[in-house]
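Engineer: The structure follows.
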Amino acid sequence: FRGPPLSDSRSCVSFLLDLSPAQSTESPLLTGVLLERSFSCSLTGSSEGARECDGSEDIRALQNPYTDTSQLRITNMVYKATYAIAHAIHGVICNDTQCDKSAKFTPWQILEQLKRVNFTTKNGYQVSFDSNGDPVAVYELINWQVKKDGTIDFVTVGLYDSSKPRGQEFSMSRAISWLGGQTEVPRSVCSESCPPGTRKAMQKGKPVCCYDCIPCAEGEISNETDSLNCAHCPPEFWPNAQQDTCLPKPVEFLSWDDTLSIILTVFSVAGAFVAVCVAAVFYKHRASPIVRANNSELSFLLLFSLALCFLCSLTFIGRPSEWSCMLRHTAFGITFVLCISCVLGKTIVVLMAFRATLPGSNAMKWFGPPQQRLSVLAFTLVQVLICVLWLTTSPPFPFKNLKHYKERIILECRLGSAVGFWAVLGYIGFLALLCFILAFLARKLPDNFNEAKFITFSMLIFCAVWITFIPAYVSSPGKFTVAVEIFAILASSFGLIICIFAPKCFIIMFRPEQNTKKHLMGKSTCSLRCWEPIKQTMQLQSNLMLLVSVLWITCPCPIGCTADPVSCRLWAQSQMSGFSMDGDFVIGGVFSIHSYMTSEQNTYTRQPPQLRCSGSMDFRELRFARAMEFAIHEINNRTDLLPGITLGYQIRDSCAAVPMAIKAAFQLASGVEPVFNYTDSCSASAAAAVSAVIGESGSTPSISMARMLGLFGIPQVSHYATCACLSDKRQYPAFFRTIPSDHHQAAALARMVKHFGWTWIGAVRSDSDYGNNGMASFLKAAQEEGICVEYSESYYRTQPRSKLERVANVIRRSTARVIVAFLASGDMRFLLEELAKQPPQPPLQWIGSETWITDLEFLRFNMCAGAIGFGVPRSVIPGLREFLLDLSPAQALKSPLLTEFWESSFSCSLKGSSEGARECDGSEDIRALQNPYTDTSQLRITNMVYKATYAIAHAIHGVICNDTQCDKSAKFTPWQILNQLKRVNFTTDSGFQVSFDSSGDPMAAYELINWQFKEDGGLDFVTVGRYDSSKPRGQEFSMSRAIIWLGEQMEVPASVCSESCPPGTRKAVQKGKPVCCYDCIPCAEGETSNNTDSLDCVPCPPEFWPNTKRDSCLLKPVEFLSWDDTLSIILISFSVAGAFVAVCVAAVFFKHRASPIVRANNSELSFLLLFSLALCFLCSLTFIGRPSEWSCMLRHTAFGITFVLCISCVLGKTIVVLMAFRATLPGSNAMKWFGPPQQRLSVLTFTLIQVLICVLWLTISPPFPFKNLKHYKERIILECRLGSAVGFWAVLGYIGFLALLCFILAFLARKLPDNFNEAKFITFSMLIFCAVWLTFIPAYVSSPGKFTVAVEIFAILASSFGLIICIFAPKCFIIVFRPDQNTKKHLMGKQAADQPLKC
């Protein structure tokens, strides 16, 4: 709370307490109010029941507001005011030495001296007044604090001094004690402040202080409290957990300190080290036959290229840069081509070497060492050329992938030209395939150490690894793409070095006795193993990774009838102009016939001049005044209303000024008698007073009149004062009006603006009660409708021209294309004249209030074409036009106002007094005039005057008349007329009902007026609709015809600060601007808004995702490997084809079941193996289709059991081979322990173990269908979750264990003496099987969505095809195409033993 500064006046305290009973009796106030009430006694003995004061009363002992001088605040204001007046009187009657007590002065002189007062009181307070009569504003900041005794006291905690510079007015002197004795400031907010990381979302229909705190959407932050909007982080940044700061996204690449990188680096360096060691061994034994065989030069070059292959994988590790991106792929491509070229050269050497042994052959002449070097160089140069073209046209480059992951950046090497990359890889593949074919053809050439066999093995691994690499590379994200590529490089390099060089190193280091030319030529063992069949076939399927995408006044002065005992005389005779007519009862009228009041500067040397009107005459207002005159004449001629009674009138011109309006009101209330004597009674002295008053036209003068007339109870009925404030009966008890209150007009205007979709408007008003109150009502209603105001300017016609120009410039510069003008006609005229000098561009759509929207004078302003507004309904008053036009020069001379009208209309002088004007000669025809006075086509406000006159007449009738006659001698008070007016309810001859509600207002009804061009090019008022407040809410408006807008357009002009936000966006309020100014922010990812101008976006449910417009949530597409998917169809084709092949092979075997090649190695196991392979092919079909509970459990268990059954059969066949050859040893009964029953039992046992693992898995935690919503934001991956990962890897591990065991046993049995040793083919098949499933693991882990399933199916099919081709294709070939070899003798190799050796 603020109060005036505390004062200390000890002399004042003594004065107040220096009061005795004898002194108090001198004043009734001191006697009755102070002492008697304070001491509950009677000084005069007049108080009944009260004891008589005995003199013992001690005023100093009193404790009440009178004696409490601890807080002399307002008391000090009285003290200062008294001294100020004393100083002013001193300035008037005193000179430097003395004062003249006989001096005469007027109040004006004291007033002038008060303006110049400037002194300081004894207690240090300065007293002076500014131009407005106000002192310098100084306040103390008061705090109510609890004292120690528990009572409350006023404590000054600070000071406010308006004389100090802005921002320094406040000064605090001590701490404030808040409620509850707290020192912390209490909080009072509708909503708590929104912390950083959130944004404010306005609550619909509530004030701007009420809002919700919405967390920033994904990828957005707000770093300020109460942020209106969240800002998107830059592309390379991501919000922290609190979403108040954008942090750089972590950059993901295969860095050197990554665990995966360290493992790969170790293997890479280890591989290079192995290559160097092998080269060292070869170099040390370079003279030995096994090194010299097949061109030792190519061997060293191959080892060098392999070391480079291992080391080139290191270029893939580390932060990608321009040089590293270009180096890694080109180095990999060139070194691998160099490597494969050497292998190819060695393969060709093998072929050429054996061809050279034929008689007359000179093959080695054409492929000697020079040609071998040249071939390696040529093959390598081709790859170099491809790489140069790639790097020249579109080289690889480092690229920040911001799309794959939202929260981190993948720094990767973009290929530049994908054609270049696949050309490099394709060329390597072509050479590898060529090498594999040549090595396969040379595998049976007679040599005890035929290198072609090992090259075939190595190329088989190489092709298997790189074919499996393609889907893994495409589907692996981020750094795993690089890791997969390095894995493929290392795996293929290790495959080459182990397959080609490991056997040689083994012989050199551990079997030196075999490192002889004789052994290598196989002369000692040719009879046993001149022919050793090897065959391998591969089948692969490509895999694609789909794109990873992952967005609101009164001062009543009691005047009694008691006059001063002395007689009073008016200073001067009234000079107010107007009309008058005597009658039995007189009605007053006040109209703004002129617009200005002449005011002269007081000289204080003579009596101030009387107020006079000036300026041009308002003919429209003159028509209003004469309409009252017409109505009274009409009433006087009626027999049904006030029969036998003559009404008179007193009409005054207020000049639209408050002082003149008050003067007119006083004259109408008390009459204009020049002398008033105390001996006369009040009623006699007021014989000329009016019964009621009509007027004024303006709200501000009406307010002033209503305050004064209300004190006397004289009814006032206004025809044009619309200020809603006048409806307050506590302040204006005697005020009525026939025009609706601006409360209704403001609401109607706001609803109309909302109806036409205008949310961004300008507002200009009269700086008066009418304009200020009307605009305040409109702005309140507009705010409730969600309408924003760009500017709200005020102007009054008496203000400086600079103010008018400023307002006009604001309008011209504004962006709002609709302007609501709540102006009085006089103010509007000045504004339009100023705007016409430089009309706003583009033109404005004007919305007018009732004062000017139907004013004919404004139709000359074409820039207002299309204007709309509410006007009082038009009416017809029969006989009015004839009355107005029934005016002759002689009649005009009877009234100064009519004289002025005549002279102004015809530009002549009736009395010959107008200088320079011709004298009126009688030829002037008033009927030919075209001005607002004569225009009765739009009788709107005129009808309000007419209705007001009739309302007063009906009220008088109700007071003085009975059913048959009226008493013209009746005496009544204004209060009686007032009460009758409240009950008035009648209908005029024109059909308009007249009544007043409890506020003195009529029912609100308006016509919607549109300014439209006529055929002659002039503007006219056209009624296009109606507003009736008596109708239900929402039905008040009714349109009758189309509105023609500015520019003669039929389409509603737009006026918005911001265009409506379409669905899919939300409104974000622009800081420091109204709520209608906003940005349309697209909904964040995963959010939608389905309404126009949504304040917030709503996140879609987890299983839904926005459409592209983000205006609705659609079900996320569910991704799984469906039956109609192209990839599924391809895999199904291969699956069915594989099963069909297995069935065909089984049919062939069944048909030739008695043949030796079928009976060998247990035909029963062969059939069981084919059956299990058919199941393996078909079990891949369980992975296709929509995952369900049964399919998830079936797919993994079926796959696990069928593959174990398959591997068990292969393992059984391998053991049979080993046992069979062991059984040929003397005294061996090995087959006794592994006969057919044991073979069946072993297969059953191995399979049952897998069945047991699957049962435990399905019992404890089985696989189940799961909707993966996290991997992709915009779609659902329907997948089978493993349930127990241990169960899955146990199933897979058990298969791997059996396959590894089978591979080892088959490898051990590969050299057993047999022309058709099945162990060799089993070794091949297990090699393929292990390579496929080892490569499957990283591909399975890194592949997303349905590609995980596709990779698993691919592994199943690839390994199944590997088994069926490696094991059964050679047998079927012999059965179908080489039946001569399908004999026991051939299989045992006896035919070869009986023939001479041709090794």
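Chain identifiers are assigned as A, B, and so on, following the order in which chains appear in the structure tokens; residues are numbered from 1 within each chain, and ligands are numbered from 1 in order of appearance.
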Using the chain letters and numbers from this document, which residues of range 120-272 of chain A does DSSP assign to strand (DSSP E or B), as number ranges by chain?
Structural biologist: A: 120, 126-128, 138-146, 152-161, 170-172, 198-202, 211-215, 220-221, 231-232, 237-239, 246-248, 251-252
Engineer: Between CA of Ser923 in chain A and CA of Gly578 in chain A, what is the distance, to one decimal in Å?
Structural biologist: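 Between these atoms lies a distance of 26.0 Å.
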Engineer: Which residues are near Leu344 in chain A? Cut-off 9 Å, only C-alpha atoms, ignore same chain within fewer than 2 positions. Put them as JSON, numbers by chain.
Structural biologist: {"A": [339, 340, 341, 342, 346, 347, 348, 349, 376, 431, 432, 434, 435, 436, 438, 439, 455]}
Engineer: Kindly export the residues of the current selection with N, CA and C atoms, as a PDB file, in the first residue's frame.
Structural biologist:
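What ended up in out_21.pdb:
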ATOM      1  N   CYS A 339      46.415 -59.485 -55.299  1.00  0.00           N
ATOM      2  CA  CYS A 339      46.400 -60.774 -54.634  1.00  0.00           C
ATOM      3  C   CYS A 339      45.747 -61.847 -55.505  1.00  0.00           C
ATOM      4  N   ILE A 340      44.537 -61.548 -56.019  1.00  0.00           N
ATOM      5  CA  ILE A 340      43.805 -62.518 -56.837  1.00  0.00           C
ATOM      6  C   ILE A 340      44.543 -62.772 -58.140  1.00  0.00           C
ATOM      7  N   SER A 341      45.215 -61.719 -58.658  1.00  0.00           N
ATOM      8  CA  SER A 341      45.990 -61.894 -59.895  1.00  0.00           C
ATOM      9  C   SER A 341      47.115 -62.901 -59.683  1.00  0.00           C
ATOM     10  N   CYS A 342      47.769 -62.820 -58.529  1.00  0.00           N
ATOM     11  CA  CYS A 342      48.831 -63.789 -58.224  1.00  0.00           C
ATOM     12  C   CYS A 342      48.275 -65.198 -58.115  1.00  0.00           C
ATOM     13  N   LYS A 346      49.124 -68.336 -60.468  1.00  0.00           N
ATOM     14  CA  LYS A 346      49.572 -69.637 -59.976  1.00  0.00           C
ATOM     15  C   LYS A 346      48.683 -70.758 -60.513  1.00  0.00           C
ATOM     16  N   THR A 347      47.357 -70.461 -60.646  1.00  0.00           N
ATOM     17  CA  THR A 347      46.442 -71.477 -61.182  1.00  0.00           C
ATOM     18  C   THR A 347      46.759 -71.770 -62.636  1.00  0.00           C
ATOM     19  N   ILE A 348      47.011 -70.703 -63.375  1.00  0.00           N
ATOM     20  CA  ILE A 348      47.348 -70.889 -64.803  1.00  0.00           C
ATOM     21  C   ILE A 348      48.661 -71.647 -64.945  1.00  0.00           C
ATOM     22  N   VAL A 349      49.598 -71.355 -64.032  1.00  0.00           N
ATOM     23  CA  VAL A 349      50.893 -72.071 -64.064  1.00  0.00           C
ATOM     24  C   VAL A 349      50.677 -73.570 -63.909  1.00  0.00           C
ATOM     25  N   VAL A 376      49.902 -60.499 -64.167  1.00  0.00           N
ATOM     26  CA  VAL A 376      49.606 -59.881 -62.859  1.00  0.00           C
ATOM     27  C   VAL A 376      49.555 -58.368 -63.001  1.00  0.00           C
ATOM     28  N   LEU A 431      37.534 -61.769 -61.173  1.00  0.00           N
ATOM     29  CA  LEU A 431      38.822 -62.466 -61.125  1.00  0.00           C
ATOM     30  C   LEU A 431      38.766 -63.666 -60.191  1.00  0.00           C
ATOM     31  N   ALA A 432      38.078 -63.498 -59.037  1.00  0.00           N
ATOM     32  CA  ALA A 432      37.978 -64.601 -58.080  1.00  0.00           C
ATOM     33  C   ALA A 432      37.202 -65.760 -58.669  1.00  0.00           C
ATOM     34  N   LEU A 434      36.856 -66.436 -61.899  1.00  0.00           N
ATOM     35  CA  LEU A 434      37.705 -67.022 -62.935  1.00  0.00           C
ATOM     36  C   LEU A 434      38.761 -67.928 -62.327  1.00  0.00           C
ATOM     37  N   CYS A 435      39.333 -67.444 -61.242  1.00  0.00           N
ATOM     38  CA  CYS A 435      40.351 -68.226 -60.551  1.00  0.00           C
ATOM     39  C   CYS A 435      39.758 -69.522 -59.999  1.00  0.00           C
ATOM     40  N   PHE A 436      38.542 -69.436 -59.436  1.00  0.00           N
ATOM     41  CA  PHE A 436      37.888 -70.607 -58.868  1.00  0.00           C
ATOM     42  C   PHE A 436      37.617 -71.643 -59.948  1.00  0.00           C
ATOM     43  N   LEU A 438      39.151 -72.054 -62.905  1.00  0.00           N
ATOM     44  CA  LEU A 438      40.397 -72.653 -63.383  1.00  0.00           C
ATOM     45  C   LEU A 438      40.973 -73.619 -62.364  1.00  0.00           C
ATOM     46  N   ALA A 439      40.911 -73.224 -61.091  1.00  0.00           N
ATOM     47  CA  ALA A 439      41.441 -74.111 -60.051  1.00  0.00           C
ATOM     48  C   ALA A 439      40.605 -75.370 -59.939  1.00  0.00           C
ATOM     49  N   ILE A 455      43.876 -73.782 -53.881  1.00  0.00           N
ATOM     50  CA  ILE A 455      43.349 -72.547 -54.469  1.00  0.00           C
ATOM     51  C   ILE A 455      41.828 -72.639 -54.580  1.00  0.00           C
TER      52      ILE A 455
END
Engineer: Quick one, how far is CA of Lys1346 in chain A from CA of Gly1283 in chain A?
Structural biologist: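 For CA of Lys1346 in chain A relative to CA of Gly1283 in chain A, the distance reads 18.0 Å.
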Engineer: Near Ala951 in chain A, within 9 Å and counting only C-alpha atoms, which residues show up once chain neighbours fewer than 3 positions away are dropped, as number ranges by chain?
Structural biologist: A: 717, 738, 946-948, 954-956, 981, 984-986, 994-995
Engineer: For the selection just defined, write its residues with N, CA, C and O atoms to a file, as a PDB file, in the first residue's frame.
Structural biologist:
ATOM      1  N   VAL A 717     -33.633  12.448 -21.095  1.00  0.00           N
ATOM      2  CA  VAL A 717     -33.777  11.402 -22.105  1.00  0.00           C
ATOM      3  C   VAL A 717     -32.898  11.793 -23.288  1.00  0.00           C
ATOM      4  O   VAL A 717     -33.182  12.781 -23.982  1.00  0.00           O
ATOM      5  N   THR A 738     -33.200   6.764 -25.749  1.00  0.00           N
ATOM      6  CA  THR A 738     -33.952   5.994 -26.748  1.00  0.00           C
ATOM      7  C   THR A 738     -33.027   5.296 -27.733  1.00  0.00           C
ATOM      8  O   THR A 738     -33.504   4.514 -28.569  1.00  0.00           O
ATOM      9  N   TYR A 946     -37.645  11.954 -31.769  1.00  0.00           N
ATOM     10  CA  TYR A 946     -39.108  11.840 -31.850  1.00  0.00           C
ATOM     11  C   TYR A 946     -39.635  10.919 -30.736  1.00  0.00           C
ATOM     12  O   TYR A 946     -40.590  11.253 -30.029  1.00  0.00           O
ATOM     13  N   LYS A 947     -38.989   9.765 -30.573  1.00  0.00           N
ATOM     14  CA  LYS A 947     -39.404   8.803 -29.548  1.00  0.00           C
ATOM     15  C   LYS A 947     -39.189   9.371 -28.146  1.00  0.00           C
ATOM     16  O   LYS A 947     -40.006   9.159 -27.230  1.00  0.00           O
ATOM     17  N   ALA A 948     -38.073  10.073 -27.940  1.00  0.00           N
ATOM     18  CA  ALA A 948     -37.787  10.668 -26.620  1.00  0.00           C
ATOM     19  C   ALA A 948     -38.849  11.691 -26.244  1.00  0.00           C
ATOM     20  O   ALA A 948     -39.314  11.768 -25.090  1.00  0.00           O
ATOM     21  N   HIS A 954     -45.774  10.950 -22.736  1.00  0.00           N
ATOM     22  CA  HIS A 954     -46.517   9.851 -22.114  1.00  0.00           C
ATOM     23  C   HIS A 954     -46.318   9.849 -20.602  1.00  0.00           C
ATOM     24  O   HIS A 954     -47.258   9.528 -19.848  1.00  0.00           O
ATOM     25  N   ALA A 955     -45.104  10.178 -20.137  1.00  0.00           N
ATOM     26  CA  ALA A 955     -44.844  10.229 -18.697  1.00  0.00           C
ATOM     27  C   ALA A 955     -45.655  11.351 -18.046  1.00  0.00           C
ATOM     28  O   ALA A 955     -46.260  11.174 -16.971  1.00  0.00           O
ATOM     29  N   ILE A 956     -45.706  12.542 -18.672  1.00  0.00           N
ATOM     30  CA  ILE A 956     -46.503  13.666 -18.137  1.00  0.00           C
ATOM     31  C   ILE A 956     -47.981  13.286 -18.139  1.00  0.00           C
ATOM     32  O   ILE A 956     -48.732  13.577 -17.180  1.00  0.00           O
ATOM     33  N   LEU A 981     -41.626   7.637 -16.342  1.00  0.00           N
ATOM     34  CA  LEU A 981     -40.772   7.258 -17.491  1.00  0.00           C
ATOM     35  C   LEU A 981     -40.319   5.803 -17.393  1.00  0.00           C
ATOM     36  O   LEU A 981     -40.176   5.113 -18.410  1.00  0.00           O
ATOM     37  N   VAL A 984     -43.051   3.675 -18.874  1.00  0.00           N
ATOM     38  CA  VAL A 984     -43.520   3.981 -20.226  1.00  0.00           C
ATOM     39  C   VAL A 984     -43.412   2.754 -21.124  1.00  0.00           C
ATOM     40  O   VAL A 984     -42.390   2.062 -21.127  1.00  0.00           O
ATOM     41  N   ASN A 985     -44.462   2.497 -21.903  1.00  0.00           N
ATOM     42  CA  ASN A 985     -44.437   1.388 -22.857  1.00  0.00           C
ATOM     43  C   ASN A 985     -45.519   1.652 -23.902  1.00  0.00           C
ATOM     44  O   ASN A 985     -46.707   1.482 -23.647  1.00  0.00           O
ATOM     45  N   PHE A 986     -45.109   2.090 -25.073  1.00  0.00           N
ATOM     46  CA  PHE A 986     -46.076   2.429 -26.124  1.00  0.00           C
ATOM     47  C   PHE A 986     -45.417   2.192 -27.471  1.00  0.00           C
ATOM     48  O   PHE A 986     -44.214   1.940 -27.580  1.00  0.00           O
ATOM     49  N   VAL A 994     -41.569   1.808 -27.683  1.00  0.00           N
ATOM     50  CA  VAL A 994     -40.753   2.625 -26.782  1.00  0.00           C
ATOM     51  C   VAL A 994     -40.961   2.132 -25.360  1.00  0.00           C
ATOM     52  O   VAL A 994     -42.096   2.104 -24.863  1.00  0.00           O
ATOM     53  N   SER A 995     -39.860   1.718 -24.751  1.00  0.00           N
ATOM     54  CA  SER A 995     -39.883   1.316 -23.334  1.00  0.00           C
ATOM     55  C   SER A 995     -38.444   1.374 -22.837  1.00  0.00           C
ATOM     56  O   SER A 995     -37.491   1.428 -23.638  1.00  0.00           O
TER      57      SER A 995
END
Engineer: Using only C-alpha atoms, determine which residues lie at most 8 Å from Ala1068 in chain A, disregarding the query and same-chain residues fewer than 3 positions distant; provide the list as a list of chain:residue names.
Structural biologist: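 My list of contacting residues is A:Leu228, A:Asn229, A:Trp552, A:Tyr1078, A:Asp1079, A:Cys1080, A:Ile1081, A:Leu1095.
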Engineer: Taking only range 937-1127 of chain A into account, list the residues labelled helix (DSSP H, G or I) by DSSP (computed from the backbone), as a PyMOL selection string.
Structural biologist: chain A and resi 941-960+974-983+1046-1048+1126-1127
Engineer: How about saving the chosen residues, N, CA and C atoms kept, as a short mmCIF file (atom, residue, chain, number, x, y, z; two decimals), in the first residue's frame?
Structural biologist:
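That gives us part-v3.cif:
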data_model
loop_
_atom_site.label_atom_id
_atom_site.label_comp_id
_atom_site.auth_asym_id
_atom_site.auth_seq_id
_atom_site.Cartn_x
_atom_site.Cartn_y
_atom_site.Cartn_z
N ILE A 941 -31.45 8.85 -36.20
CA ILE A 941 -31.33 9.54 -34.91
C ILE A 941 -32.50 10.50 -34.72
N THR A 942 -32.99 11.03 -35.83
CA THR A 942 -34.16 11.90 -35.76
C THR A 942 -35.33 11.17 -35.09
N ASN A 943 -35.45 9.88 -35.44
CA ASN A 943 -36.51 9.09 -34.83
C ASN A 943 -36.29 8.90 -33.33
N MET A 944 -35.00 8.87 -32.91
CA MET A 944 -34.71 8.75 -31.48
C MET A 944 -35.19 10.00 -30.72
N VAL A 945 -35.04 11.19 -31.36
CA VAL A 945 -35.54 12.45 -30.77
C VAL A 945 -37.05 12.39 -30.69
N TYR A 946 -37.64 11.95 -31.77
CA TYR A 946 -39.11 11.84 -31.85
C TYR A 946 -39.64 10.92 -30.74
N LYS A 947 -38.99 9.76 -30.57
CA LYS A 947 -39.40 8.80 -29.55
C LYS A 947 -39.19 9.37 -28.15
N ALA A 948 -38.07 10.07 -27.94
CA ALA A 948 -37.79 10.67 -26.62
C ALA A 948 -38.85 11.69 -26.24
N THR A 949 -39.26 12.52 -27.22
CA THR A 949 -40.28 13.54 -26.96
C THR A 949 -41.59 12.89 -26.57
N TYR A 950 -41.95 11.87 -27.33
CA TYR A 950 -43.20 11.15 -27.03
C TYR A 950 -43.12 10.42 -25.69
N ALA A 951 -41.96 9.90 -25.33
CA ALA A 951 -41.81 9.21 -24.05
C ALA A 951 -42.08 10.17 -22.90
N ILE A 952 -41.52 11.37 -22.98
CA ILE A 952 -41.75 12.38 -21.92
C ILE A 952 -43.21 12.78 -21.88
N ALA A 953 -43.81 12.93 -23.05
CA ALA A 953 -45.23 13.29 -23.12
C ALA A 953 -46.08 12.22 -22.46
N HIS A 954 -45.77 10.95 -22.74
CA HIS A 954 -46.52 9.85 -22.11
C HIS A 954 -46.32 9.85 -20.60
N ALA A 955 -45.10 10.18 -20.14
CA ALA A 955 -44.84 10.23 -18.70
C ALA A 955 -45.66 11.35 -18.05
N ILE A 956 -45.71 12.54 -18.67
CA ILE A 956 -46.50 13.67 -18.14
C ILE A 956 -47.98 13.29 -18.14
N HIS A 957 -48.37 12.63 -19.23
CA HIS A 957 -49.76 12.17 -19.33
C HIS A 957 -50.10 11.24 -18.16
N GLY A 958 -49.20 10.35 -17.83
CA GLY A 958 -49.42 9.41 -16.74
C GLY A 958 -49.52 10.08 -15.38
N VAL A 959 -48.93 11.26 -15.24
CA VAL A 959 -48.93 11.97 -13.94
C VAL A 959 -50.17 12.86 -13.80
N ILE A 960 -50.55 13.59 -14.87
CA ILE A 960 -51.60 14.63 -14.72
C ILE A 960 -52.94 14.23 -15.31
N PRO A 974 -40.36 16.64 -10.39
CA PRO A 974 -39.64 15.87 -11.43
C PRO A 974 -39.56 14.38 -11.12
N TRP A 975 -39.57 14.01 -9.80
CA TRP A 975 -39.47 12.59 -9.45
C TRP A 975 -40.67 11.81 -9.95
N GLN A 976 -41.84 12.48 -10.00
CA GLN A 976 -43.02 11.79 -10.50
C GLN A 976 -42.88 11.48 -11.99
N ILE A 977 -42.37 12.45 -12.72
CA ILE A 977 -42.12 12.22 -14.16
C ILE A 977 -41.09 11.09 -14.33
N LEU A 978 -40.09 11.13 -13.47
CA LEU A 978 -39.03 10.11 -13.53
C LEU A 978 -39.61 8.71 -13.34
N ASN A 979 -40.46 8.56 -12.34
CA ASN A 979 -41.06 7.25 -12.07
C ASN A 979 -41.98 6.81 -13.21
N GLN A 980 -42.68 7.77 -13.80
CA GLN A 980 -43.56 7.43 -14.92
C GLN A 980 -42.76 6.99 -16.14
N LEU A 981 -41.63 7.64 -16.34
CA LEU A 981 -40.77 7.26 -17.49
C LEU A 981 -40.32 5.80 -17.39
N LYS A 982 -40.09 5.34 -16.19
CA LYS A 982 -39.63 3.95 -16.00
C LYS A 982 -40.69 2.96 -16.47
N ARG A 983 -42.00 3.42 -16.42
CA ARG A 983 -43.08 2.51 -16.77
C ARG A 983 -43.63 2.73 -18.18
N LEU A 1046 -14.61 -3.12 -49.96
CA LEU A 1046 -13.75 -2.12 -50.60
C LEU A 1046 -13.27 -2.64 -51.95
N GLY A 1047 -13.16 -1.70 -52.88
CA GLY A 1047 -12.79 -2.10 -54.24
C GLY A 1047 -13.91 -2.80 -54.96
N GLU A 1048 -15.15 -2.70 -54.44
CA GLU A 1048 -16.33 -3.33 -55.02
C GLU A 1048 -16.17 -4.84 -55.16
N THR A 1126 8.48 -59.19 -52.48
CA THR A 1126 9.35 -59.69 -53.56
C THR A 1126 10.48 -60.54 -53.01
N LEU A 1127 11.09 -60.08 -51.94
CA LEU A 1127 12.18 -60.83 -51.32
C LEU A 1127 11.69 -62.18 -50.83
#
Engineer: Would you mind listing what lies within 10 Å of Cys1077 in chain A as a PyMOL selection string, with only C-alpha atoms counted and same-chain residues fewer than 6 positions away left out?
Structural biologist: chain A and resi 552+759-760+788+790+1056-1059+1067-1071
Engineer: Quick one: everything within 10 Å of Ile811 in chain A, counting only C-alpha atoms, minus sequence neighbours fewer than 2 positions away in the same chain. Send it as a list of chain:residue names.
Structural biologist: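 Neighbouring residues, sequence-local ones excluded: A:Gly762, A:Ala763, A:Val764, A:Glu790, A:Tyr791, A:Ser792, A:Glu793, A:Glu805, A:Arg806, A:Val807, A:Ala808, A:Asn809, A:Arg813, A:Ser814, A:Thr815, A:Ala816, A:Arg817, A:Ile819, A:Leu835, A:Pro839, A:Pro840, A:Leu844.
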Engineer: For Asp997 in chain A, which residue out of A:Phe1307, A:Phe830, A:Tyr427, A:Phe735 is the nearest one, using only C-alpha atoms?
Structural biologist: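 Of A:Phe1307, A:Phe830, A:Tyr427, A:Phe735, the one nearest Asp997 in chain A, counting only C-alpha atoms, is A:Phe735.
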Engineer: From the options A:Leu179, A:Leu385, A:Leu804, A:Ala22, which residue's atoms come nearest to Ile152 in chain A, counting only C-alpha atoms?
Structural biologist: A:Leu179
Engineer: Distance CA of His744 in chain A-CA of Ala1004 in chain A, one decimal place?
Structural biologist: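 Between CA of His744 in chain A and CA of Ala1004 in chain A the gap works out to 6.6 Å.
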Engineer: Which one of A:Val146, A:Ile587, A:Ala1174, A:Asp212 sits closest to Gln182 in chain A if you count only C-alpha atoms?
Structural biologist: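 The closest residue to Gln182 in chain A is A:Val146.
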Engineer: Residues of range 1254-1298 of chain A within 12 Å of range 1201-1213 of chain A: nearest atom pair and distance (Å, one decimal) for each, counting only C-alpha atoms, sorted by chain and number, as a tab-separated table?
Structural biologist:
residue	atom	partner	partner_atom	distance
A:Cys1254	CA	A:Ile1201	CA	8.1
A:Val1255	CA	A:Ile1201	CA	10.9
A:Val1291	CA	A:Ile1201	CA	8.5
A:Leu1292	CA	A:Val1204	CA	9.5
A:Gly1293	CA	A:Val1204	CA	10.7
A:Tyr1294	CA	A:Val1204	CA	8.0
A:Ile1295	CA	A:Val1204	CA	5.8
A:Gly1296	CA	A:Val1204	CA	9.3
A:Phe1297	CA	A:Ile1207	CA	9.9
A:Leu1298	CA	A:Ile1207	CA	6.5
